[in-house]
Amino acid sequence: MNTKEFGRNGWTPDRIKSLSGKTYVITGTTSGTGYEAARILLSKGAKVVMLNRNPQKSEDTIATLKQELGDFIDVSNIQIDLASPSSVRNAADEVLKTVPHIDALLCNAAIAQVPKQKLTVDGFESQLGVNHYGNFLLQGLLYSRIEESKGRIVVVGSMGYNLGIKTIQFDDMNWDKNYSPNGVYSQSKLAQIMCVYELQDRLKKASNPNVKIYACHPGASRTSLIKTNGSLLTRFIWQLMKLSPLVQSAEKGAYPELMCATEPNLDQNGFYGPTGRNYWTGPVGECTLEPHAKDKTVAEKLWEVSEKATNFKWNF
């Protein structure tokens with residue numbers, strides 16, 4: 001589908017019809033775009049399974065959603081820490097045991113601008129470990145259930161993919177020599193986006209049309225992402241920016257992932273998000289993806305590196 005069909009105001013959740021009987025699994029829903037995505041899906045009658053790190057925050061989120069939408073909503077939480085492969089595996093096991101059908105997995109959770117190099121339990125740089133490896137493993141573990149359901153995988157990237165070195169630093173994936181909070185964040189988001197199109201190619205080769213996979217970005221949205229992870233200066237600048245018209249609400253930041261999760265016949269080749277200046281805000285539709293994000297040689301190598309790092313071999 002050509003996103004120009006969405007008109008001057010772009011895609012909005014008004015296009016979503018009843019989602020009764022549909023199930024969505026979403027990472028990172030205790031605040032920001034993930035919370036808004038969960039709220040909107042629930043308001044349309046969907047079942048939502050949240051995957052979050054903090055059980056207390058998850059309980060509070062469920063209470064808030066019930067207060068707003070009613071006690072009848074079908075929402076639950078499974079604990080996950082994307083920085084820990086064993087936690088990802090446990091969460092995926094729990095999903096496979098308790099969720100018989102997945103219409104879409106929304107990989108929304110991320111960390112950003114971690115000021116100093118920090119490693120995951122497996123010794124990976126934390127932003128790459130959480131944003132890319134954690135999500136890559138989760139997608140792989142839930143893939144069979146998504147395939148049975150003829151479902152979708154939605155990966156929330158970032159325009160940050162177009163900053164930094166614009167390729168993958170294979171000779172130093174942990175950035176031991178040149179760590180930079182923004183540089184590594186960009187790298188992690190580029191890795192996520194590259195693997196979307198690589199997975200599409202692999203599914204085509206395996207002649208498997210059952211799973212659709214999409215990449216999107218939220219634009220510049222008022223969320224707690226920077227507040228949670230960024231340095232003092234980054235947080236200060238972001239707080240000022242959040243007051244400006246250059247930044248949109250978290251609800252609008254959720255529109256691209258909702259579009260990718262629910263819009264019928266959406267072209268998988270697209271990259272979706274706000275289409276205004278710098279792609280920060282504006283009507284949601286298709287954005288131009290820079291060619292380096294679809295560099296086939298780099299993407300194939302990244303896939304192999306990711307399978308090795310996560311100790312997980314995808315089975316199509």
# chains A, B, ... in the order shown; residues from 1 in each chain; ligands from 1
$ residues_around --residues "A:Met173" --least-positions-apart "2" --cutoff "9 Å" --atoms "only C-alpha atoms" --output "VMD selection string"
chain A and resid 124 to 125 128 168 to 171 175 to 176
$ write_last_selection --atoms "N, CA and C atoms" --output "PDB file, in the first residue's frame"
ATOM      1  N   PHE A 124      28.768  -8.007  26.396  1.00  0.00           N
ATOM      2  CA  PHE A 124      28.531  -7.176  25.206  1.00  0.00           C
ATOM      3  C   PHE A 124      28.281  -5.735  25.625  1.00  0.00           C
ATOM      4  N   GLU A 125      28.690  -4.801  24.789  1.00  0.00           N
ATOM      5  CA  GLU A 125      28.387  -3.382  25.039  1.00  0.00           C
ATOM      6  C   GLU A 125      26.877  -3.260  25.232  1.00  0.00           C
ATOM      7  N   LEU A 128      24.210  -2.153  22.329  1.00  0.00           N
ATOM      8  CA  LEU A 128      24.127  -3.181  21.289  1.00  0.00           C
ATOM      9  C   LEU A 128      23.486  -4.445  21.875  1.00  0.00           C
ATOM     10  N   ILE A 168      28.736  -1.216  10.374  1.00  0.00           N
ATOM     11  CA  ILE A 168      28.930  -1.943  11.632  1.00  0.00           C
ATOM     12  C   ILE A 168      30.433  -2.105  11.877  1.00  0.00           C
ATOM     13  N   GLN A 169      30.844  -1.765  13.097  1.00  0.00           N
ATOM     14  CA  GLN A 169      32.268  -1.820  13.452  1.00  0.00           C
ATOM     15  C   GLN A 169      32.620  -3.241  13.901  1.00  0.00           C
ATOM     16  N   PHE A 170      32.753  -4.122  12.905  1.00  0.00           N
ATOM     17  CA  PHE A 170      32.932  -5.548  13.218  1.00  0.00           C
ATOM     18  C   PHE A 170      34.221  -5.847  13.978  1.00  0.00           C
ATOM     19  N   ASP A 171      35.259  -5.036  13.779  1.00  0.00           N
ATOM     20  CA  ASP A 171      36.542  -5.347  14.430  1.00  0.00           C
ATOM     21  C   ASP A 171      36.558  -4.943  15.904  1.00  0.00           C
ATOM     22  N   TRP A 175      33.199  -1.455  21.082  1.00  0.00           N
ATOM     23  CA  TRP A 175      33.707  -0.075  21.054  1.00  0.00           C
ATOM     24  C   TRP A 175      34.671   0.197  22.221  1.00  0.00           C
ATOM     25  N   ASP A 176      35.570  -0.745  22.445  1.00  0.00           N
ATOM     26  CA  ASP A 176      36.574  -0.574  23.510  1.00  0.00           C
ATOM     27  C   ASP A 176      37.480   0.616  23.229  1.00  0.00           C
TER      28      ASP A 176
END
$ atom_distance --atom1 "atom CA of A:Ala91" --atom2 "atom CA of A:Gly134"
11.5 Å
$ select_by_dssp --residues "stretch 127-287 of chain A" --states "strand (DSSP E)" --output "JSON, numbers by chain"
{"A": [152, 153, 154, 155, 156, 212, 213, 214, 215, 216, 271, 272, 273, 274, 284, 285, 286, 287]}
$ residues_around --residues "stretch 265-268 of chain A" --least-positions-apart "2" --cutoff "9 Å" --atoms "only C-alpha atoms" --output "list in words"
Met1, Asn2, Thr3, Tyr197, Gln200, Lys212, Ile213, Tyr214, Ala215, Met259, Cys260, Thr262, Glu263, Gly270 and Phe271 of chain A
$ atom_distance --atom1 "atom CA of A:Ala293" --atom2 "atom CA of A:Leu163"
11.3 Å
$ select_by_dssp --residues "stretch 35-138 of chain A" --states "helix (DSSP H, G or I)" --output "MDAnalysis selection string"
chainID A and resid 35:43 55:69 85:98 126:138
$ residues_around --residues "A:Arg89" --least-positions-apart "5" --cutoff "9 Å" --atoms "only C-alpha atoms" --output "list in words"
Ile80, Ser84, Glu94, Leu137, Leu138 and Leu141 of chain A
$ closest_residue --among "A:Ser43, A:Gln67, A:Ser186, A:Ser158" --to "A:Glu257" --atoms "only C-alpha atoms"
A:Ser158
$ atom_distance --atom1 "atom CA of A:Lys22" --atom2 "atom CA of A:Asn77"
16.5 Å
$ residues_around --residues "A:His292" --least-positions-apart "4" --cutoff "10 Å" --atoms "only C-alpha atoms" --output "list in words"
Tyr161, Asn162, Lys166, Thr167, Leu190, Met194, Lys296, Val298 and Ala299 of chain A
$ closest_residue --among "A:Val88, A:Leu119, A:Tyr279, A:Asn182" --to "A:Phe136" --atoms "only C-alpha atoms"
A:Val88
$ closest_residue --among "A:Glu68, A:Glu286, A:Asp60, A:Glu300" --to "A:Phe6" --atoms "only C-alpha atoms"
A:Glu286
$ closest_residue --among "A:Pro209, A:Gly34, A:Gly253, A:Gly285" --to "A:Glu5" --atoms "only C-alpha atoms"
A:Gly285
$ residues_around --residues "A:Thr275" --least-positions-apart "6" --cutoff "12 Å" --atoms "only C-alpha atoms" --output "PDB file with N, CA and C atoms, in the first residue's frame"
ATOM      1  N   THR A   3       1.676   4.850   1.155  1.00  0.00           N
ATOM      2  CA  THR A   3       1.255   5.599   2.339  1.00  0.00           C
ATOM      3  C   THR A   3       0.680   6.971   1.998  1.00  0.00           C
ATOM      4  N   LYS A   4       0.817   7.397   0.738  1.00  0.00           N
ATOM      5  CA  LYS A   4       0.185   8.659   0.329  1.00  0.00           C
ATOM      6  C   LYS A   4      -1.340   8.557   0.463  1.00  0.00           C
ATOM      7  N   ARG A   8      -3.369  13.966   4.025  1.00  0.00           N
ATOM      8  CA  ARG A   8      -2.521  15.037   4.570  1.00  0.00           C
ATOM      9  C   ARG A   8      -2.106  14.801   6.019  1.00  0.00           C
ATOM     10  N   ASN A   9      -2.976  14.177   6.779  1.00  0.00           N
ATOM     11  CA  ASN A   9      -2.675  13.971   8.204  1.00  0.00           C
ATOM     12  C   ASN A   9      -1.895  12.692   8.468  1.00  0.00           C
ATOM     13  N   GLY A  10      -1.607  11.935   7.397  1.00  0.00           N
ATOM     14  CA  GLY A  10      -0.867  10.691   7.563  1.00  0.00           C
ATOM     15  C   GLY A  10      -1.684   9.617   8.276  1.00  0.00           C
ATOM     16  N   TRP A  11      -1.002   8.531   8.640  1.00  0.00           N
ATOM     17  CA  TRP A  11      -1.673   7.419   9.305  1.00  0.00           C
ATOM     18  C   TRP A  11      -2.012   7.806  10.748  1.00  0.00           C
ATOM     19  N   MET A 159      15.929   7.301  13.903  1.00  0.00           N
ATOM     20  CA  MET A 159      16.675   8.045  12.886  1.00  0.00           C
ATOM     21  C   MET A 159      18.148   8.119  13.243  1.00  0.00           C
ATOM     22  N   CYS A 216      10.376   0.701  11.682  1.00  0.00           N
ATOM     23  CA  CYS A 216       9.808   2.044  11.803  1.00  0.00           C
ATOM     24  C   CYS A 216      10.661   2.852  12.780  1.00  0.00           C
ATOM     25  N   HIS A 217      10.324   4.117  12.933  1.00  0.00           N
ATOM     26  CA  HIS A 217      10.988   4.956  13.942  1.00  0.00           C
ATOM     27  C   HIS A 217       9.946   5.902  14.527  1.00  0.00           C
ATOM     28  N   PRO A 218      10.127   6.311  15.803  1.00  0.00           N
ATOM     29  CA  PRO A 218       9.092   7.113  16.454  1.00  0.00           C
ATOM     30  C   PRO A 218       9.224   8.614  16.241  1.00  0.00           C
ATOM     31  N   GLY A 219      10.293   9.053  15.529  1.00  0.00           N
ATOM     32  CA  GLY A 219      10.546  10.487  15.454  1.00  0.00           C
ATOM     33  C   GLY A 219      11.097  10.975  16.779  1.00  0.00           C
ATOM     34  N   ALA A 220      10.962  12.274  17.039  1.00  0.00           N
ATOM     35  CA  ALA A 220      11.413  12.840  18.316  1.00  0.00           C
ATOM     36  C   ALA A 220      10.192  12.948  19.219  1.00  0.00           C
ATOM     37  N   GLY A 253       4.355   9.350  18.878  1.00  0.00           N
ATOM     38  CA  GLY A 253       5.540   8.521  18.657  1.00  0.00           C
ATOM     39  C   GLY A 253       5.204   7.046  18.532  1.00  0.00           C
ATOM     40  N   PRO A 256       3.772   5.058  14.436  1.00  0.00           N
ATOM     41  CA  PRO A 256       4.432   4.222  13.426  1.00  0.00           C
ATOM     42  C   PRO A 256       4.423   2.727  13.758  1.00  0.00           C
ATOM     43  N   THR A 281       8.928  15.036  13.461  1.00  0.00           N
ATOM     44  CA  THR A 281       7.491  15.095  13.750  1.00  0.00           C
ATOM     45  C   THR A 281       6.752  15.071  12.412  1.00  0.00           C
ATOM     46  N   GLY A 282       5.445  15.280  12.467  1.00  0.00           N
ATOM     47  CA  GLY A 282       4.681  15.365  11.210  1.00  0.00           C
ATOM     48  C   GLY A 282       3.845  14.137  10.949  1.00  0.00           C
ATOM     49  N   PRO A 283       3.090  14.154   9.825  1.00  0.00           N
ATOM     50  CA  PRO A 283       2.203  13.037   9.494  1.00  0.00           C
ATOM     51  C   PRO A 283       2.997  11.732   9.340  1.00  0.00           C
ATOM     52  N   VAL A 284       2.435  10.652   9.832  1.00  0.00           N
ATOM     53  CA  VAL A 284       3.119   9.350   9.760  1.00  0.00           C
ATOM     54  C   VAL A 284       2.898   8.720   8.386  1.00  0.00           C
ATOM     55  N   GLY A 285       4.004   8.289   7.788  1.00  0.00           N
ATOM     56  CA  GLY A 285       3.955   7.644   6.483  1.00  0.00           C
ATOM     57  C   GLY A 285       5.298   7.003   6.193  1.00  0.00           C
ATOM     58  N   GLU A 286       5.617   6.868   4.908  1.00  0.00           N
ATOM     59  CA  GLU A 286       6.880   6.225   4.534  1.00  0.00           C
ATOM     60  C   GLU A 286       8.003   7.248   4.464  1.00  0.00           C
ATOM     61  N   CYS A 287       9.147   6.896   5.052  1.00  0.00           N
ATOM     62  CA  CYS A 287      10.327   7.765   5.065  1.00  0.00           C
ATOM     63  C   CYS A 287      11.390   7.158   4.148  1.00  0.00           C
ATOM     64  N   THR A 288      12.294   7.995   3.676  1.00  0.00           N
ATOM     65  CA  THR A 288      13.400   7.484   2.858  1.00  0.00           C
ATOM     66  C   THR A 288      14.421   6.814   3.772  1.00  0.00           C
ATOM     67  N   LEU A 289      14.806   5.601   3.421  1.00  0.00           N
ATOM     68  CA  LEU A 289      15.843   4.896   4.178  1.00  0.00           C
ATOM     69  C   LEU A 289      17.146   5.008   3.400  1.00  0.00           C
TER      70      LEU A 289
END
$ closest_residue --among "A:His132, A:Lys44, A:Lys301, A:Lys57" --to "A:Tyr185" --atoms "only C-alpha atoms"
A:His132
$ residues_around --residues "A:Gly183" --least-positions-apart "5" --cutoff "9 Å" --atoms "only C-alpha atoms" --output "NGL selection string"
:A and (113 or 160 or 163-165 or 178 or 188)
